[in-house]
Amino acid sequence: MLLILAAIGTGYWVIGKRAQVQRQRALCASHLSQLGKAISTFADSGENLGRVPMTLRALHPAYIQDPRLFSCPSWSAESQASSPASAQSGDYLYFPNHTKSQGAAPLALCPHCGAGLGFNVLQGDGHVEWFATTPDQLETKLVKMGVPLRIERGMSAAEIQDVQTWRARLNLPPADPPEPLE
Ligand SMILES: [Zn+2]
């Protein structure tokens, strides 16, 4: 009898946990969507001449008042304890370098709430899409869409550093140097 009750209890816990994951993923998509609107407002304001901000946090406080919007809601005190880093390590990945008038190019994505099954992605045109891919497939997909995740000839040291930082945050191995010329 106790075992049955325990099994039922575990079943409810699993369902509850799954519902919580779904909720956080939906909330995460809403964060990204609000960031997308703020980026667009930023770019449209006169002095920025159509340029997107260099960092998402540059939107605060003029365009985003609530700093919690910069992080995925699944980035809880629990996950911070298991991987203590900077206060901003729960933040979204942001690709500001290649977004000008590329409607379908990813602008930002969440590496936190997909449980290895997928990613919430903010597209340059402002809509948020769920990419159901593993991290390996994600790399191929993002590279195809123009996100700089590989080291190309002629990149500056700072650009190479960006590539490695983005890869590390996507749990991808460091990028190799470009192929030597024939
Ligand atoms: Zn998320």
# chains A, B, ... in the order shown; residues from 1 in each chain; ligands from 1
>>> closest_atom_pairs(of="chain A", to="ligand 1", cutoff="10 Å", atoms="only C-alpha atoms and all ligand atoms", output="CSV")
residue,atom,partner,partner_atom_place_in_ligand_line,distance
A:Val21,CA,ligand 1,1 (Zn),9.6
A:Gln24,CA,ligand 1,1 (Zn),6.9
A:Arg25,CA,ligand 1,1 (Zn),5.5
A:Ala26,CA,ligand 1,1 (Zn),8.2
A:Leu27,CA,ligand 1,1 (Zn),7.8
A:Cys28,CA,ligand 1,1 (Zn),4.5
A:Ala29,CA,ligand 1,1 (Zn),7.0
A:Ser30,CA,ligand 1,1 (Zn),9.6
A:His31,CA,ligand 1,1 (Zn),8.5
A:Leu32,CA,ligand 1,1 (Zn),8.6
A:Ser71,CA,ligand 1,1 (Zn),7.5
A:Cys72,CA,ligand 1,1 (Zn),4.2
A:Pro73,CA,ligand 1,1 (Zn),6.4
A:Ser74,CA,ligand 1,1 (Zn),6.1
A:Trp75,CA,ligand 1,1 (Zn),7.7
A:Gly90,CA,ligand 1,1 (Zn),9.0
A:Asp91,CA,ligand 1,1 (Zn),9.0
A:Tyr92,CA,ligand 1,1 (Zn),7.8
A:Leu109,CA,ligand 1,1 (Zn),7.9
A:Cys110,CA,ligand 1,1 (Zn),4.7
A:Pro111,CA,ligand 1,1 (Zn),6.5
A:His112,CA,ligand 1,1 (Zn),5.0
A:Cys113,CA,ligand 1,1 (Zn),4.1
A:Gly114,CA,ligand 1,1 (Zn),6.8
A:Ala115,CA,ligand 1,1 (Zn),9.6
A:Gly118,CA,ligand 1,1 (Zn),9.9
A:Phe119,CA,ligand 1,1 (Zn),7.4
A:Asn120,CA,ligand 1,1 (Zn),6.4
A:Val121,CA,ligand 1,1 (Zn),9.2
>>> residues_around(residues="stretch 163-169 of chain A", least_positions_apart="3", cutoff="7 Å", atoms="only C-alpha atoms", output="list of chain:residue names")
A:Pro148, A:Leu149, A:Arg150, A:Glu159, A:Ile160, A:Leu172, A:Pro173, A:Pro174, A:Ala175
>>> write_last_selection(atoms="N, CA and C atoms", output="CSV table (one decimal), in the first residue's frame")
chain,number,residue,atom,x,y,z
A,148,PRO,N,28.4,33.2,-36.2
A,148,PRO,CA,29.9,32.9,-36.3
A,148,PRO,C,30.2,32.0,-35.1
A,149,LEU,N,30.2,30.7,-35.4
A,149,LEU,CA,30.6,29.7,-34.4
A,149,LEU,C,31.9,29.0,-34.8
A,150,ARG,N,32.4,29.3,-35.9
A,150,ARG,CA,33.7,28.8,-36.4
A,150,ARG,C,34.7,29.9,-36.7
A,159,GLU,N,37.2,38.7,-32.2
A,159,GLU,CA,36.2,37.9,-32.8
A,159,GLU,C,36.4,36.4,-32.5
A,160,ILE,N,37.7,36.0,-32.5
A,160,ILE,CA,37.9,34.6,-32.2
A,160,ILE,C,37.5,34.3,-30.7
A,172,LEU,N,29.7,23.4,-26.6
A,172,LEU,CA,30.4,22.8,-27.8
A,172,LEU,C,31.9,22.9,-27.6
A,173,PRO,N,32.7,21.9,-28.2
A,173,PRO,CA,34.1,22.0,-28.0
A,173,PRO,C,34.7,23.2,-28.6
A,174,PRO,N,35.9,23.7,-28.2
A,174,PRO,CA,36.5,24.9,-28.8
A,174,PRO,C,36.7,24.7,-30.3
A,175,ALA,N,36.6,25.8,-31.0
A,175,ALA,CA,36.7,25.8,-32.5
A,175,ALA,C,38.1,25.6,-32.9
>>> atom_distance(atom1="atom CA of A:Asp66", atom2="atom CA of A:Lys37")
13.9 Å
>>> residues_around(residues="A:Pro177", least_positions_apart="4", cutoff="9 Å", atoms="only C-alpha atoms", output="list in words")
Arg150, Ile151, Glu152 and Arg153 of chain A
>>> atom_distance(atom1="atom CA of A:Asp176", atom2="atom CA of A:Glu139")
13.7 Å
>>> select_by_dssp(residues="chain A", states="helix (DSSP H, G or I)", output="PyMOL selection string")
chain A and resi 2-44+46-48+56-59+67-70+77-82+96-98+135-144+157-169
>>> select_by_dssp(residues="stretch 105-182 of chain A", states="strand (DSSP E or B)", output="list in words")
Pro106, Leu107, Ala108, Leu109, Cys110, Phe119, Asn120, Val121, Leu122, Gln123, Val128, Glu129, Trp130 and Phe131 of chain A
>>> write_last_selection(atoms="C-alpha atoms", output="PDB file, in the first residue's frame")
ATOM      1  CA  PRO A 106      19.187  34.201 -35.012  1.00  0.00           C
ATOM      2  CA  LEU A 107      19.772  37.232 -32.796  1.00  0.00           C
ATOM      3  CA  ALA A 108      19.776  35.521 -29.407  1.00  0.00           C
ATOM      4  CA  LEU A 109      19.124  32.113 -27.946  1.00  0.00           C
ATOM      5  CA  CYS A 110      18.687  30.344 -24.652  1.00  0.00           C
ATOM      6  CA  PHE A 119      16.589  25.793 -27.840  1.00  0.00           C
ATOM      7  CA  ASN A 120      14.450  28.906 -27.759  1.00  0.00           C
ATOM      8  CA  VAL A 121      15.768  31.191 -30.500  1.00  0.00           C
ATOM      9  CA  LEU A 122      14.987  34.878 -31.080  1.00  0.00           C
ATOM     10  CA  GLN A 123      15.104  35.568 -34.816  1.00  0.00           C
ATOM     11  CA  VAL A 128      10.769  33.366 -31.236  1.00  0.00           C
ATOM     12  CA  GLU A 129      11.194  29.838 -32.525  1.00  0.00           C
ATOM     13  CA  TRP A 130      11.792  26.506 -30.819  1.00  0.00           C
ATOM     14  CA  PHE A 131      14.692  24.612 -32.452  1.00  0.00           C
TER      15      PHE A 131
END
>>> atom_distance(atom1="atom CA of A:Glu47", atom2="atom CA of A:Ala62")
13.5 Å
>>> closest_residue(among="A:Ala105, A:Leu170, A:Leu35, A:Leu117", to="A:Val147", atoms="only C-alpha atoms")
A:Ala105
